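Coordinates from target-v2.txt are shown below (compact mmCIF, C-alpha atoms).
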# COMPACT_ATOMS: atom_id res chain seq x y z
CA MET A 1 0.00 0.00 0.00
CA GLN A 2 2.82 2.34 0.95
CA PHE A 3 4.57 1.40 -2.27
CA CYS A 4 1.51 2.39 -4.33
CA ALA A 5 1.20 5.71 -2.52
CA LEU A 6 4.90 6.45 -2.98
CA PHE A 7 4.63 5.53 -6.64
CA ALA A 8 1.96 8.22 -7.05
CA VAL A 9 4.04 10.72 -5.07
CA TRP A 10 7.14 10.11 -7.19
CA LEU A 11 5.09 10.47 -10.36
CA ALA A 12 3.91 13.85 -9.11
CA VAL A 13 7.49 14.83 -8.25
CA PHE A 14 8.68 13.90 -11.73
CA ALA A 15 5.76 15.75 -13.32
CA GLY A 16 6.67 18.89 -11.39
CA ALA A 17 10.38 18.53 -12.08
CA PHE A 18 9.68 17.99 -15.75
CA GLU A 19 7.75 21.24 -16.00
CA LEU A 20 10.60 23.08 -14.28
CA ALA A 21 13.38 21.48 -16.32
CA ARG A 22 11.61 21.20 -19.66
CA THR A 23 14.05 23.46 -21.52
CA LEU A 24 17.05 21.70 -20.05
CA LEU A 25 15.64 18.30 -20.94
CA VAL A 26 15.25 19.36 -24.55
CA GLU A 27 19.02 19.88 -24.68
CA LEU A 28 20.04 16.95 -22.52
CA TYR A 29 17.53 14.30 -23.48
CA MET A 30 15.37 14.98 -26.50
CA TYR A 31 17.90 16.38 -28.93
CA PRO A 32 20.69 13.87 -28.20
CA ILE A 33 18.27 10.96 -28.57
CA SER A 34 16.86 12.33 -31.81
CA TYR A 35 20.39 13.03 -33.09
CA VAL A 36 21.56 9.48 -32.42
CA ALA A 37 18.35 8.06 -33.91
CA ALA A 38 18.88 10.09 -37.10
CA TRP A 39 22.50 8.94 -37.21
CA ILE A 40 21.48 5.28 -36.85
CA LEU A 41 18.76 5.67 -39.48
CA ASN A 42 21.28 7.07 -41.92
CA GLY A 43 23.67 4.26 -40.97
CA ILE A 44 21.13 1.60 -41.87
CA GLY A 45 20.33 3.27 -45.17
CA VAL A 46 17.21 5.23 -44.25
CA GLN A 47 17.71 8.85 -45.23
CA ALA A 48 16.97 10.99 -42.19
CA ALA A 49 17.60 14.63 -41.36
CA LEU A 50 17.24 16.31 -38.01
CA GLY A 51 16.06 19.89 -37.71
CA ASN A 52 16.47 21.99 -34.59
CA ALA A 53 14.56 25.11 -35.62
CA LEU A 54 11.73 24.33 -33.20
CA LEU A 55 13.88 23.28 -30.27
CA THR A 56 12.84 26.30 -28.26
CA SER A 57 9.25 25.05 -28.54
CA GLY A 58 10.33 21.67 -27.23
CA VAL A 59 10.15 19.90 -30.57
CA CYS A 60 12.72 18.35 -32.95
CA GLN A 61 11.98 17.77 -36.62
CA LEU A 62 13.01 14.35 -37.83
CA ALA A 63 12.53 14.09 -41.59
CA VAL A 64 12.39 10.55 -42.96
CA SER A 65 11.43 10.09 -46.61
CA ASP A 66 8.26 12.13 -47.11
CA VAL A 67 7.39 12.15 -43.44
CA VAL A 68 8.49 14.85 -41.02
CA TYR A 69 8.12 13.76 -37.44
CA LEU A 70 7.72 16.44 -34.87
CA VAL A 71 9.55 14.65 -32.10
CA THR A 72 8.01 15.65 -28.79
CA PHE A 73 8.87 14.49 -25.29
CA GLU A 74 6.12 11.93 -25.62
CA CYS A 75 7.94 10.38 -28.58
CA THR A 76 11.18 10.10 -26.65
CA GLY A 77 9.66 7.88 -23.99
CA ILE A 78 10.65 10.20 -21.17
CA PHE A 79 7.32 9.70 -19.43
CA ALA A 80 7.77 5.94 -19.47
CA LEU A 81 11.19 6.59 -17.96
CA PHE A 82 9.52 8.60 -15.20
CA MET A 83 7.10 5.75 -14.53
CA CYS A 84 9.94 3.27 -14.30
CA ALA A 85 12.04 5.55 -12.11
CA SER A 86 9.03 6.15 -9.86
CA SER A 87 8.54 2.41 -9.50
CA VAL A 88 12.18 2.03 -8.50
CA LEU A 89 12.20 4.93 -6.06
CA ALA A 90 8.90 3.92 -4.47
CA TYR A 91 9.97 0.34 -3.85
CA PRO A 92 11.01 -0.26 -0.26
CA ALA A 93 14.65 -1.06 -0.94
CA SER A 94 17.91 0.47 0.31
CA LYS A 95 19.35 3.66 -1.15
CA VAL A 96 22.16 1.68 -2.72
CA SER A 97 19.69 -0.58 -4.49
CA LYS A 98 17.72 2.41 -5.68
CA ILE A 99 20.85 4.07 -7.02
CA LYS A 100 21.64 0.82 -8.82
CA GLY A 101 18.10 0.80 -10.16
CA ILE A 102 18.28 4.34 -11.50
CA SER A 103 21.70 3.54 -12.97
CA LEU A 104 20.08 0.67 -14.80
CA VAL A 105 16.91 2.47 -15.85
CA LEU A 106 18.46 5.66 -17.20
CA PRO A 107 20.83 4.22 -19.82
CA ALA A 108 18.34 1.48 -20.66
CA PHE A 109 15.72 4.10 -21.46
CA LEU A 110 18.17 6.22 -23.43
CA ALA A 111 18.88 3.18 -25.59
CA TYR A 112 15.23 2.14 -25.76
CA SER A 113 13.99 5.62 -26.64
CA THR A 114 16.59 5.93 -29.39
CA LEU A 115 15.57 2.55 -30.74
CA ARG A 116 11.94 3.60 -30.54
CA LEU A 117 12.62 6.61 -32.77
CA VAL A 118 14.64 4.43 -35.14
CA VAL A 119 11.70 2.03 -35.41
CA MET A 120 9.37 4.93 -36.13
CA GLY A 121 11.80 6.14 -38.80
CA VAL A 122 11.87 2.71 -40.40
CA VAL A 123 8.07 2.60 -40.29
CA ALA A 124 7.92 6.02 -41.97
CA ARG A 125 10.30 4.81 -44.66
CA PHE A 126 8.77 1.43 -45.43
CA ILE A 127 5.17 1.38 -44.18
CA PRO A 128 4.13 5.04 -43.80
CA ASP A 129 0.45 4.12 -43.71
CA HIS A 130 1.03 2.40 -40.39
CA ILE A 131 2.65 5.30 -38.57
CA GLU A 132 -0.38 5.97 -36.39
CA LEU A 133 -0.82 2.29 -35.65
CA PHE A 134 2.75 2.09 -34.36
CA HIS A 135 2.86 5.46 -32.67
CA VAL A 136 -0.48 5.44 -30.87
CA TYR A 137 -0.98 1.77 -30.21
CA ILE A 138 1.90 -0.66 -30.61
CA MET A 139 4.60 1.53 -29.08
CA VAL A 140 2.36 2.24 -26.12
CA LEU A 141 2.09 -1.46 -25.33
CA VAL A 142 5.81 -1.93 -25.81
CA ASN A 143 6.46 1.04 -23.52
CA ILE A 144 4.51 -0.50 -20.66
CA GLY A 145 6.10 -3.87 -21.26
CA PHE A 146 9.57 -2.31 -21.19
CA VAL A 147 8.86 -0.36 -18.00
CA LEU A 148 7.76 -3.48 -16.18
CA LEU A 149 10.51 -5.61 -17.69
CA LEU A 150 13.18 -3.29 -16.35
CA TRP A 151 11.50 -2.87 -12.99
CA LEU A 152 10.95 -6.59 -12.50
CA TYR A 153 14.55 -7.28 -13.49
CA TRP A 154 15.75 -4.76 -10.93
CA VAL A 155 13.50 -6.08 -8.16
CA ARG A 156 14.26 -9.72 -8.79
CA GLU A 157 17.93 -9.55 -9.69
CA MET A 158 19.37 -6.46 -8.04
CA VAL A 159 17.44 -5.94 -4.80
CA PRO A 160 18.67 -8.28 -2.06
CA GLY A 161 15.83 -10.03 -0.26
CA SER A 162 17.28 -9.05 3.09
CA GLU A 163 16.40 -5.44 2.36
CA ARG A 164 12.73 -6.22 2.26
CA ALA A 165 10.64 -5.22 5.24
CA MET B 1 16.57 -11.49 -16.96
CA SER B 2 14.85 -14.68 -18.09
CA ALA B 3 12.25 -14.46 -15.30
CA SER B 4 11.45 -10.90 -16.30
CA LEU B 5 11.24 -11.89 -19.95
CA LEU B 6 8.84 -14.63 -18.94
CA PHE B 7 6.56 -11.86 -17.73
CA LEU B 8 6.95 -9.83 -20.91
CA ALA B 9 6.17 -12.63 -23.37
CA PRO B 10 2.66 -13.47 -22.12
CA PHE B 11 1.87 -9.80 -21.56
CA LEU B 12 2.72 -8.92 -25.15
CA ALA B 13 0.95 -12.04 -26.41
CA VAL B 14 -2.31 -11.22 -24.62
CA ALA B 15 -2.03 -7.52 -25.45
CA GLY B 16 -1.41 -8.44 -29.10
CA LEU B 17 -4.39 -10.77 -29.08
CA LEU B 18 -6.65 -8.09 -27.61
CA PHE B 19 -5.28 -5.55 -30.05
CA GLY B 20 -6.12 -7.98 -32.86
CA CYS B 21 -9.72 -7.86 -31.65
CA TRP B 22 -9.63 -4.07 -31.22
CA SER B 23 -11.84 -3.37 -34.22
CA TRP B 24 -14.48 -5.48 -32.49
CA ILE B 25 -13.85 -4.35 -28.90
CA SER B 26 -13.59 -0.63 -29.58
CA PRO B 27 -17.09 0.02 -31.03
CA LEU B 28 -18.68 -2.09 -28.30
CA TYR B 29 -16.84 -0.21 -25.59
CA MET B 30 -17.61 3.14 -27.18
CA GLU B 31 -21.30 2.21 -27.28
CA SER B 32 -21.17 1.66 -23.54
CA ILE B 33 -19.37 4.95 -22.88
CA LEU B 34 -21.73 7.13 -24.90
CA PRO B 35 -24.76 6.87 -22.60
CA ALA B 36 -22.61 7.46 -19.52
CA VAL B 37 -20.97 10.59 -20.94
CA ASN B 38 -24.27 11.93 -22.22
CA ALA B 39 -25.91 11.25 -18.87
CA LEU B 40 -23.15 13.26 -17.23
CA PHE B 41 -23.72 16.16 -19.62
CA THR B 42 -27.43 15.98 -18.81
CA VAL B 43 -26.88 15.83 -15.05
CA VAL B 44 -24.71 18.94 -15.07
CA ALA B 45 -27.13 20.56 -17.54
CA LEU B 46 -24.66 21.20 -20.35
CA PRO B 47 -26.10 21.51 -23.88
CA VAL B 48 -23.65 19.00 -25.35
CA GLN B 49 -24.09 15.41 -26.43
CA LEU B 50 -21.60 12.90 -27.71
CA GLU B 51 -22.66 11.23 -30.95
CA LEU B 52 -21.13 8.31 -32.77
CA HIS B 53 -21.70 8.32 -36.52
CA GLU B 54 -20.21 5.00 -37.64
CA THR B 55 -16.56 5.63 -36.80
CA ALA B 56 -16.79 9.40 -36.38
CA LEU B 57 -17.17 10.69 -32.83
CA VAL B 58 -18.82 14.08 -32.65
CA PHE B 59 -19.44 16.63 -29.91
CA ALA B 60 -22.83 18.14 -30.71
CA TYR B 61 -23.24 21.50 -29.00
CA GLU B 62 -26.71 23.02 -29.08
CA ARG B 63 -26.28 26.72 -29.59
CA SER B 64 -29.08 29.11 -28.85
CA ALA B 65 -31.98 29.16 -31.32
CA GLY B 66 -31.75 25.42 -31.59
CA SER B 67 -28.86 25.35 -34.05
CA MET B 68 -26.20 22.73 -33.56
CA LEU B 69 -22.44 22.98 -33.75
CA ARG B 70 -20.78 19.62 -34.39
CA LEU B 71 -17.09 19.03 -33.82
CA GLN B 72 -15.43 15.76 -34.72
CA MET B 73 -12.94 14.22 -32.32
CA HIS B 74 -10.03 12.47 -34.02
CA SER B 75 -8.13 9.46 -32.66
CA TYR B 76 -10.70 9.07 -29.90
CA GLU B 77 -9.89 5.39 -29.55
CA ALA B 78 -6.58 6.35 -27.94
CA VAL B 79 -8.57 7.70 -24.99
CA TYR B 80 -9.57 4.23 -23.88
CA PHE B 81 -6.78 2.17 -25.38
CA ASN B 82 -5.28 1.71 -21.90
CA ILE B 83 -7.94 -0.96 -21.36
CA ILE B 84 -5.75 -3.33 -23.35
CA PRO B 85 -2.56 -3.10 -21.28
CA ALA B 86 -4.65 -3.13 -18.09
CA VAL B 87 -6.44 -6.34 -19.03
CA ALA B 88 -3.26 -7.91 -20.42
CA LEU B 89 -1.26 -7.12 -17.27
CA LEU B 90 -3.86 -8.54 -14.91
CA ALA B 91 -4.65 -11.54 -17.09
CA THR B 92 -1.02 -12.64 -17.24
CA VAL B 93 -0.25 -12.50 -13.54
CA SER B 94 1.22 -15.86 -12.66
CA HIS B 95 0.25 -17.98 -9.64
CA LYS B 96 -3.20 -16.45 -9.41
CA ARG B 97 -6.57 -18.07 -9.74
CA ILE B 98 -8.86 -17.22 -12.62
CA ALA B 99 -11.40 -15.72 -10.20
CA TRP B 100 -8.76 -13.34 -8.83
CA ARG B 101 -7.77 -12.25 -12.32
CA LEU B 102 -11.34 -11.78 -13.48
CA GLY B 103 -12.17 -9.83 -10.34
CA TRP B 104 -9.28 -7.45 -10.77
CA ILE B 105 -9.87 -7.11 -14.50
CA GLY B 106 -13.48 -6.20 -13.76
CA LEU B 107 -12.44 -3.66 -11.16
CA ALA B 108 -9.75 -2.20 -13.44
CA VAL B 109 -12.18 -1.86 -16.35
CA LEU B 110 -14.68 -0.18 -14.03
CA LEU B 111 -12.09 2.31 -12.78
CA LEU B 112 -10.83 2.98 -16.29
CA PHE B 113 -14.39 3.40 -17.51
CA GLY B 114 -14.79 6.23 -15.01
CA THR B 115 -11.63 7.91 -16.27
CA HIS B 116 -12.76 7.53 -19.88
CA VAL B 117 -16.11 9.14 -19.16
CA ALA B 118 -14.30 12.00 -17.41
CA SER B 119 -11.87 12.32 -20.34
CA PHE B 120 -14.64 12.69 -22.91
CA PHE B 121 -16.49 15.12 -20.64
CA VAL B 122 -13.43 17.33 -20.29
CA SER B 123 -12.58 16.92 -23.98
CA ALA B 124 -15.90 18.53 -24.90
CA HIS B 125 -14.98 21.68 -22.98
CA ILE B 126 -11.57 21.82 -24.58
CA ALA B 127 -12.75 21.01 -28.11
CA LEU B 128 -15.38 23.74 -28.07
CA TRP B 129 -13.01 26.41 -26.77
CA ASP B 130 -10.24 25.27 -29.11
CA TYR B 131 -12.65 25.69 -31.99
CA VAL B 132 -13.62 29.18 -30.84
CA HIS B 133 -9.96 30.16 -30.46
CA SER B 134 -9.25 28.96 -33.99
CA LEU B 135 -11.87 31.28 -35.52
CA ALA B 136 -11.16 34.66 -36.98
CA PRO B 137 -12.74 37.53 -35.04
CA THR B 138 -16.22 37.67 -36.52
CA ARG B 139 -19.68 38.21 -35.13
CA PHE B 140 -20.24 34.45 -35.23
CA ARG B 141 -17.20 33.99 -33.02
CA GLY B 142 -18.41 36.67 -30.65
CA ASP B 143 -21.82 35.05 -30.34
CA LEU B 144 -20.21 31.70 -29.79
CA ILE B 145 -17.99 33.05 -27.02
CA VAL B 146 -20.97 34.58 -25.25
CA GLY B 147 -23.01 31.39 -25.58
CA LEU B 148 -20.18 29.06 -24.59
CA GLY B 149 -19.08 31.24 -21.70
CA ALA B 150 -22.45 30.74 -20.06
CA TRP B 151 -21.99 26.98 -20.01
CA PHE B 152 -18.26 26.45 -20.03
CA PRO B 153 -16.41 28.98 -17.90
CA THR B 154 -13.23 30.12 -19.61
CA GLU B 155 -11.23 29.81 -16.42
CA GLN B 156 -11.80 26.04 -16.54
CA TYR B 157 -10.31 25.81 -20.00
CA ALA B 158 -6.66 26.25 -18.97
CA LEU B 159 -7.04 23.87 -16.04
CA TYR B 160 -8.83 21.22 -18.09
CA SER B 161 -6.36 21.56 -20.97
CA SER B 162 -3.27 21.05 -18.87
CA ALA B 163 -4.85 18.30 -16.78
CA LEU B 164 -6.06 16.39 -19.82
CA ALA B 165 -2.72 16.83 -21.60
CA GLN B 166 -0.84 15.35 -18.64
CA TRP B 167 -3.38 12.58 -18.30
CA ASN B 168 -3.23 11.68 -21.98
CA ILE B 169 0.53 11.77 -22.22
CA TRP B 170 1.31 9.56 -19.28
CA GLY B 171 -1.34 9.65 -16.58
CA ARG B 172 -3.61 7.08 -18.14
CA TYR B 173 -0.78 4.55 -18.46
CA ALA B 174 0.68 5.33 -15.06
CA PHE B 175 -2.82 4.68 -13.70
CA VAL B 176 -2.79 1.23 -15.30
CA LEU B 177 0.57 0.49 -13.69
CA GLY B 178 -0.81 1.79 -10.39
CA ILE B 179 -3.76 -0.61 -10.57
CA TRP B 180 -1.41 -3.49 -11.30
CA PHE B 181 0.90 -2.54 -8.44
CA PHE B 182 -2.07 -2.24 -6.11
CA ALA B 183 -3.51 -5.60 -7.15
CA LEU B 184 -0.15 -7.25 -6.50
CA ARG B 185 0.91 -5.16 -3.52
CA GLN B 186 1.32 -8.22 -1.29
CA GLU B 187 3.24 -10.32 -3.78
CA ILE B 188 5.52 -7.50 -4.79
CA VAL B 189 7.25 -7.54 -1.43
CA LEU B 190 8.18 -11.18 -1.99
CA TRP B 191 9.88 -10.69 -5.31
CA ALA B 192 13.36 -9.88 -4.14
CA ARG B 193 16.00 -12.26 -5.43
CA ASP B 194 17.12 -14.20 -2.41
CA MET B 195 13.94 -14.10 -0.35
CA ALA B 196 13.38 -17.80 -0.81
CA ASP B 197 16.91 -18.63 0.30
CA LYS B 198 16.62 -16.43 3.35
CA GLN B 199 13.48 -18.20 4.41
CA VAL B 200 15.21 -21.57 4.71
CA ALA B 201 17.25 -20.37 7.66
CA PHE B 202 14.21 -19.10 9.54
CA PRO B 203 11.04 -20.64 10.84
CA THR B 204 9.24 -19.85 7.62
CA GLU B 205 5.74 -20.32 8.84
CA LYS B 206 6.17 -17.95 11.76
CA LEU B 207 7.99 -15.46 9.59
CA TYR B 208 5.10 -15.39 7.19
CA HIS B 209 2.60 -15.10 9.99
CA TRP B 210 4.60 -12.21 11.31
CA ARG B 211 5.13 -10.44 8.06
CA HIS B 212 2.38 -11.48 5.72
CA LYS B 213 -0.62 -12.74 7.58
CA SER B 214 -2.89 -11.92 4.70
CA LEU B 215 -0.75 -13.95 2.34
CA LYS B 216 -1.04 -17.00 4.53
CA LYS B 217 -4.76 -16.58 4.59
CA GLN B 218 -4.94 -16.40 0.85
CA GLU B 219 -2.53 -19.32 0.46
CA SER B 220 -0.46 -17.22 -1.87
CA VAL B 221 2.90 -18.06 -0.31
CA PRO B 222 4.99 -19.30 -3.24
CA ASN B 223 5.19 -23.06 -3.65
CA ASN B 224 8.97 -23.15 -3.57
CA ILE B 225 8.92 -21.76 -0.04
CA LYS B 226 6.68 -24.57 1.14
CA VAL B 227 8.89 -27.22 -0.45
CA LYS B 228 12.01 -25.87 1.22
CA ARG B 229 10.26 -25.71 4.54
CA ALA B 230 9.26 -29.33 4.25
CA VAL B 231 12.89 -30.31 3.63

Show me, as structure tokens, the structure contained in the file I just sent.
Amino acid sequence: MQFCALFAVWLAVFAGAFELARTLLVELYMYPISYVAAWILNGIGVQAALGNALLTSGVCQLAVSDVVYLVTFECTGIFALFMCASSVLAYPASKVSKIKGISLVLPAFLAYSTLRLVVMGVVARFIPDHIELFHVYIMVLVNIGFVLLLWLYWVREMVPGSERA
Amino acid sequence: MSASLLFLAPFLAVAGLLFGCWSWISPLYMESILPAVNALFTVVALPVQLELHETALVFAYERSAGSMLRLQMHSYEAVYFNIIPAVALLATVSHKRIAWRLGWIGLAVLLLFGTHVASFFVSAHIALWDYVHSLAPTRFRGDLIVGLGAWFPTEQYALYSSALAQWNIWGRYAFVLGIWFFALRQEIVLWARDMADKQVAFPTEKLYHWRHKSLKKQESVPNNIKVKRAV
């Protein structure tokens, strides 16, 4: 019960922090992820170009074939990262375990979010009619699956049982 | 990692299966939401109704003089798509009886239904004001502002917009996770890696009585613990 309440509290904390640090996160999270995704797309033969004209509005333009994605925070999976981090921080484990958890979650989500954009780029290149299907539906399910996968891995493999109350 | 992957596989399988049936589930669910949302509009005496014309969802606002303003809502299925991960998560919980799963799925769907009704209710406010804001300054716009302002206070617009945006972006999925965490709140504390090993060195039964009385009652202590205790 306490875990569920703390989960909600941490979500609220992240929501507040996000609003305060939105501009910073554009520079530190959104743009680097979009940049690497565009680089990977070009590397695998999918022509992609990244525009930064709208960065001040919190949006990157990722042009793939005839499709221009307006990459928002939602597209970068940062909110799924917050959910996962909240689950880790709310869990009644030691500080060391939580630090380990965040150290696992952060890079994992950077990689996942980059891959997510790459997948969307590939979809735009090869099956553009299915962009909405992937963006609104399939990626949402994968997001939740990935959040719980990481969290369960952390709880089961990285949190010693002796820490449990 | 394999244990965690074992969770992911059935979850994605069930979610995929439900998503395959989405074209059948979605209209049925929408049909059940419509009366609830419209009843809410009626209860609070707002001159708006939600109408479903085949696959087009429309907010029908009755302006003065009996004329109607109809605004179509796009991608409305995304509003209640979180039903799928919720059902898939609860259906694929291991070591739980069917009755437990069905009970929690029923409760989750009921809770989500409430949030979906609220989402459509709030969306009507936002859609109408968004439409007004998109119009060029004409007399029609002026009349509309006066008429709308009587029913939908402008000060609610900013609050509703930001609340719904946050909810849509991540709240509705965090809520699903929250339900899942709550349903499994007792089991979650047992998931740490070496819990089972630790139990061998202690009088397991007493330890569980001490720590997890409710678990003993529900006979949800993992089987491997019982086997080790017997040894």

Q. Excluding same-chain residues fewer than 6 positions from B:Glu54, what lies within 12 Å of it counting only C-alpha atoms, as a list in words?
A. Ser26, Pro27, Leu28, Met30 and Glu31 of chain B

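Of the listed residues (B:Ile83, B:Val44, B:Ala108, B:Ala36), B:Ile83 comes nearest to chain A; the distances count all atoms listed in the file.
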
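Distance check against A:Ile78 using all atoms listed in the file: of A:Phe126, A:Trp154, A:Tyr35, A:Phe14, the minimum falls on A:Phe14.
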
Q | Contact set, chain A to chain B: 10 Å, only C-alpha atoms, as a PyMOL selection string | A | chain A and resi 1-5+7-8+11+15+73-75+77-80+82-84+86-87+91-93+132+136-138+140-165

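When the distance limit is 8 Å and only C-alpha atoms are what count, the residues near A:Leu70, minus those fewer than 6 positions from it on the same chain, are Val59, Cys60, Gln61 and Leu62 of chain A.
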
Q.
If I take atom CA of B:Leu112 and atom CA of B:Tyr61, how far is one from the other in Å, to one decimal?
A. 25.7 Å

I'd like the contact shell of A:Trp39 - 12 Å cut-off, all atoms listed in the file, skipping same-chain residues fewer than 2 positions apart - returned as a PDB file with C-alpha atoms, in the coordinates of the input.
ATOM      1  CA  PRO A  32      20.690  13.870 -28.200  1.00  0.00           C
ATOM      2  CA  ILE A  33      18.270  10.960 -28.570  1.00  0.00           C
ATOM      3  CA  SER A  34      16.860  12.330 -31.810  1.00  0.00           C
ATOM      4  CA  TYR A  35      20.390  13.030 -33.090  1.00  0.00           C
ATOM      5  CA  VAL A  36      21.560   9.480 -32.420  1.00  0.00           C
ATOM      6  CA  ALA A  37      18.350   8.060 -33.910  1.00  0.00           C
ATOM      7  CA  LEU A  41      18.760   5.670 -39.480  1.00  0.00           C
ATOM      8  CA  ASN A  42      21.280   7.070 -41.920  1.00  0.00           C
ATOM      9  CA  GLY A  43      23.670   4.260 -40.970  1.00  0.00           C
ATOM     10  CA  ILE A  44      21.130   1.600 -41.870  1.00  0.00           C
ATOM     11  CA  GLY A  45      20.330   3.270 -45.170  1.00  0.00           C
ATOM     12  CA  VAL A  46      17.210   5.230 -44.250  1.00  0.00           C
ATOM     13  CA  GLN A  47      17.710   8.850 -45.230  1.00  0.00           C
ATOM     14  CA  ALA A  48      16.970  10.990 -42.190  1.00  0.00           C
ATOM     15  CA  ALA A  49      17.600  14.630 -41.360  1.00  0.00           C
ATOM     16  CA  LEU A  50      17.240  16.310 -38.010  1.00  0.00           C
ATOM     17  CA  LEU A  62      13.010  14.350 -37.830  1.00  0.00           C
ATOM     18  CA  VAL A  64      12.390  10.550 -42.960  1.00  0.00           C
ATOM     19  CA  THR A 114      16.590   5.930 -29.390  1.00  0.00           C
ATOM     20  CA  LEU A 115      15.570   2.550 -30.740  1.00  0.00           C
ATOM     21  CA  LEU A 117      12.620   6.610 -32.770  1.00  0.00           C
ATOM     22  CA  VAL A 118      14.640   4.430 -35.140  1.00  0.00           C
ATOM     23  CA  GLY A 121      11.800   6.140 -38.800  1.00  0.00           C
TER      24      GLY A 121
END

Q. Please, which residues are within 10 Å of (-17.2, 14.3, -33.8) by the file's coordinates, counting all atoms listed in the file, and could they come as a PyMOL selection string?
A. chain B and resi 50-53+55-60+70-74+76+124+127

Would you mind exporting C-alpha atoms of the selected residues as a compact mmCIF listing (two decimals), in the coordinates of the input?
# COMPACT_ATOMS: atom_id res chain seq x y z
CA LEU B 50 -21.60 12.90 -27.71
CA GLU B 51 -22.66 11.23 -30.95
CA LEU B 52 -21.13 8.31 -32.77
CA HIS B 53 -21.70 8.32 -36.52
CA THR B 55 -16.56 5.63 -36.80
CA ALA B 56 -16.79 9.40 -36.38
CA LEU B 57 -17.17 10.69 -32.83
CA VAL B 58 -18.82 14.08 -32.65
CA PHE B 59 -19.44 16.63 -29.91
CA ALA B 60 -22.83 18.14 -30.71
CA ARG B 70 -20.78 19.62 -34.39
CA LEU B 71 -17.09 19.03 -33.82
CA GLN B 72 -15.43 15.76 -34.72
CA MET B 73 -12.94 14.22 -32.32
CA HIS B 74 -10.03 12.47 -34.02
CA TYR B 76 -10.70 9.07 -29.90
CA ALA B 124 -15.90 18.53 -24.90
CA ALA B 127 -12.75 21.01 -28.11

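Near A:Ser57, within 10 Å and counting only C-alpha atoms, sit Arg22, Thr23, Val26 and Thr72 of chain A, not including residues fewer than 6 positions from it in the same chain.
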
Q) Counting all atoms listed in the file, which of B:Phe121, B:Asp143, B:Leu128, B:Met68 gets nearest to B:Thr42? A) B:Phe121

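Atom pair atom CA of B:Asn38 / atom CA of B:Trp22: separated by 23.5 Å.
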
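In this comparison, which uses only C-alpha atoms, the residue of A:Leu54, A:Val96, A:Ala12, A:Ile131 approaching A:Val71 most closely is A:Leu54.
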
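When atom CA of A:Tyr112 is paired with atom CA of B:Glu187, their separation reads 28.0 Å.
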